[in-house]
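Asker: After the structure tokens below, expect a handful of questions from me.
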Amino acid sequence: MAASLRPGAANIVPLPRMTRSGEMCAVRGDLAGLLAHDLKTPLAAISMNLDFVLDEIGGQASEAMRGALEDCRAANARAVRIVGDMLDVSRLTSGERKAVLVDIDTSAFLGGLVRAVAPEAASRGVRMVWNSDEDVVRGDPDLLPRALERLLERAVRHARSGGAIEITVRSGMVTIRVNSVAGNENDASPPEAAMRALGMHFAEAALRAQGGAVWTESDRDGALVFRTALAAR
């Protein structure tokens, strides 16, 4: 007959101090990285099914339905990108990923950045201008454009309709200047409010991995300025 367990020290089976899963979390020190990894598959499934539905309905859907599905696809694509950024922050922080520095053509680089955010800037009534004193900059061909694109997106969202954003590359520094800053919902200053975003967290980690840095400040006239120090050439 099996003995029944009764309360008492002899019947207590101690739990291990840390499970293997716990050890992994402790070593990586980054739950965001684990979360990003686990979100990749369901977001990919959503993306594929949205593409399938849009292809299947063709011209049969109403304009409102197609518009709603396109909005869902755009939102999902943004979520996929955020997850990718989170995962790269984890990899860069842990040393799993290293930046690879090469010379990057400045004109093509800036043109790509402006084109990437042009639709959102146009929808918000924000004009963008850029100029450069340098033909080549030094950086990781994947991380640098993505980091600066996040900064430029943030700048567009802080710009007032009818305002302008100036992008300048000079002496190893990229300056993004928002000339007319829209008010924010809290009492934070424009530089503080601008830094409160996952995209800014990614930009910081990506630039730091390349030997650079990013910070925000306000000019005397109240303009919001993102300054990025690039890797030395």
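Every chain in the structure tokens has a letter given in the order shown (A, B, ...), and although residue numbers restart at 1 in each chain, ligands are simply numbered from 1 in the order shown.
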Do you know which residues are at most 12 Å from A:Leu92 counting only C-alpha atoms, after dropping those on the same chain fewer than 3 positions away, and could you put them as a list in words?
Answerer: Arg28, Asp30, Gly33, Asp85, Met86, Leu87, Asp88, Val89, Gly95, Glu96, Arg97, Lys98, Ala99, Val100, Leu143, His201, Phe202, Ala203, Glu204, Ala205, Ala206, Leu207, Arg208, Ala209 and Gln210 of chain A
Asker: Please indicate the distance in Å from atom CA of A:Arg220 to atom CA of A:Asn179, rounded to one decimal place.
Answerer: 11.1 Å
Asker: When you look at stretch 146-160 of chain A with a cut-off of 7 Å (counting only C-alpha atoms), what residues show up, excluding the ones that are within fewer than 4 positions of it in the same chain? I need them as a ChimeraX atom specification.
Answerer: /A:113,117,121,126,142,178,180-182,194,199-200,202-203,206-207
Asker: Give me, as JSON, numbers by chain, all polymer residues having an atom no more than 9 Å from A:Leu54, counting only C-alpha atoms and skipping those fewer than 6 positions away in the same chain.
Answerer: {"A": [61, 66, 69, 70]}
Asker: Would you save the residues from that selection as a JSON list (two decimals), in the first residue's frame, using all heavy atoms?
Answerer:
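And here's again.json as it stands now:
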[["chain", "number", "residue", "atom", "x", "y", "z"],
["A", 61, "ALA", "N", -14.59, 43.26, -53.15],
["A", 61, "ALA", "CA", -14.74, 43.95, -51.87],
["A", 61, "ALA", "C", -15.10, 45.41, -52.07],
["A", 61, "ALA", "O", -14.73, 46.03, -53.08],
["A", 61, "ALA", "CB", -13.45, 43.85, -51.07],
["A", 66, "ARG", "N", -11.73, 46.98, -48.43],
["A", 66, "ARG", "CA", -10.35, 46.90, -48.89],
["A", 66, "ARG", "C", -9.47, 47.87, -48.12],
["A", 66, "ARG", "O", -8.34, 47.54, -47.75],
["A", 66, "ARG", "CB", -10.27, 47.17, -50.40],
["A", 66, "ARG", "CG", -8.83, 47.17, -50.95],
["A", 66, "ARG", "CD", -8.82, 47.14, -52.45],
["A", 66, "ARG", "NE", -9.17, 45.83, -52.95],
["A", 66, "ARG", "CZ", -8.32, 44.81, -53.06],
["A", 66, "ARG", "NH1", -7.06, 44.96, -52.65],
["A", 66, "ARG", "NH2", -8.70, 43.67, -53.54],
["A", 69, "LEU", "N", -8.71, 46.37, -44.72],
["A", 69, "LEU", "CA", -7.73, 45.29, -44.80],
["A", 69, "LEU", "C", -6.33, 45.82, -45.09],
["A", 69, "LEU", "O", -5.33, 45.32, -44.55],
["A", 69, "LEU", "CB", -8.14, 44.28, -45.88],
["A", 69, "LEU", "CG", -9.35, 43.41, -45.55],
["A", 69, "LEU", "CD1", -9.81, 42.63, -46.77],
["A", 69, "LEU", "CD2", -9.02, 42.45, -44.40],
["A", 70, "GLU", "N", -6.23, 46.85, -45.92],
["A", 70, "GLU", "CA", -4.93, 47.46, -46.20],
["A", 70, "GLU", "C", -4.37, 48.11, -44.94],
["A", 70, "GLU", "O", -3.16, 48.05, -44.68],
["A", 70, "GLU", "CB", -5.06, 48.49, -47.33],
["A", 70, "GLU", "CG", -5.35, 47.92, -48.70],
["A", 70, "GLU", "CD", -4.17, 47.19, -49.32],
["A", 70, "GLU", "OE1", -3.10, 47.11, -48.68],
["A", 70, "GLU", "OE2", -4.31, 46.71, -50.45]]
Asker: So how far away is atom CA of A:Val80 from atom CA of A:Ser94, in Å?
Answerer: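 One can read the atom CA of A:Ser94 to atom CA of A:Val80 distance as 21.3 Å.
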Asker: Between A:Ile57, A:Gly162, A:Val225, A:Asn49, which is the closest to A:Ala122 once you count only C-alpha atoms?
Answerer: A:Gly162
Asker: Under the rule that only C-alpha atoms are counted, which of A:Leu224, A:Ile46, A:Leu101, A:Ala213 is the nearest residue to A:Ala74?
Answerer: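 Smallest distance to A:Ala74 is found for A:Ile46.
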Asker: Choose the residue, out of A:Arg233, A:Arg127, A:His37, A:Arg177, that has the smallest atom-to-atom separation from A:Val83; count only C-alpha atoms.
Answerer: A:His37
Asker: From a DSSP pass on the backbone, collect the residues of chain A flagged as strand (DSSP E or B) and hand them back as a VMD selection string.
Answerer: chain A and resid 102 to 105 127 to 132 136 to 139 159 164 to 170 173 to 178 181 213 to 218 224 to 229
Asker: Just checking: using only C-alpha atoms, which residue out of A:Gly163, A:Gly59, A:Pro42, A:Gly139 ends up closest to A:Ala232?
Answerer: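 Ranking A:Gly163, A:Gly59, A:Pro42, A:Gly139 by distance to A:Ala232, first place goes to A:Gly139.
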Asker: Per DSSP on the backbone, filter stretch 8-229 of chain A down to the residues in alpha helix (DSSP H) and report them as JSON, numbers by chain.
Answerer: {"A": [20, 21, 22, 23, 24, 25, 26, 27, 28, 31, 32, 33, 34, 35, 36, 37, 38, 39, 40, 41, 42, 43, 44, 45, 46, 47, 48, 49, 50, 51, 52, 53, 54, 55, 56, 57, 63, 64, 65, 66, 67, 68, 69, 70, 71, 72, 73, 74, 75, 76, 77, 78, 79, 80, 81, 82, 83, 84, 85, 86, 87, 88, 89, 90, 91, 92, 93, 94, 106, 107, 108, 109, 110, 111, 112, 113, 114, 115, 116, 117, 118, 119, 120, 121, 122, 123, 143, 144, 145, 146, 147, 148, 149, 150, 151, 152, 153, 154, 155, 156, 157, 158, 190, 191, 192, 193, 194, 195, 198, 199, 200, 201, 202, 203, 204, 205, 206, 207, 208, 209]}
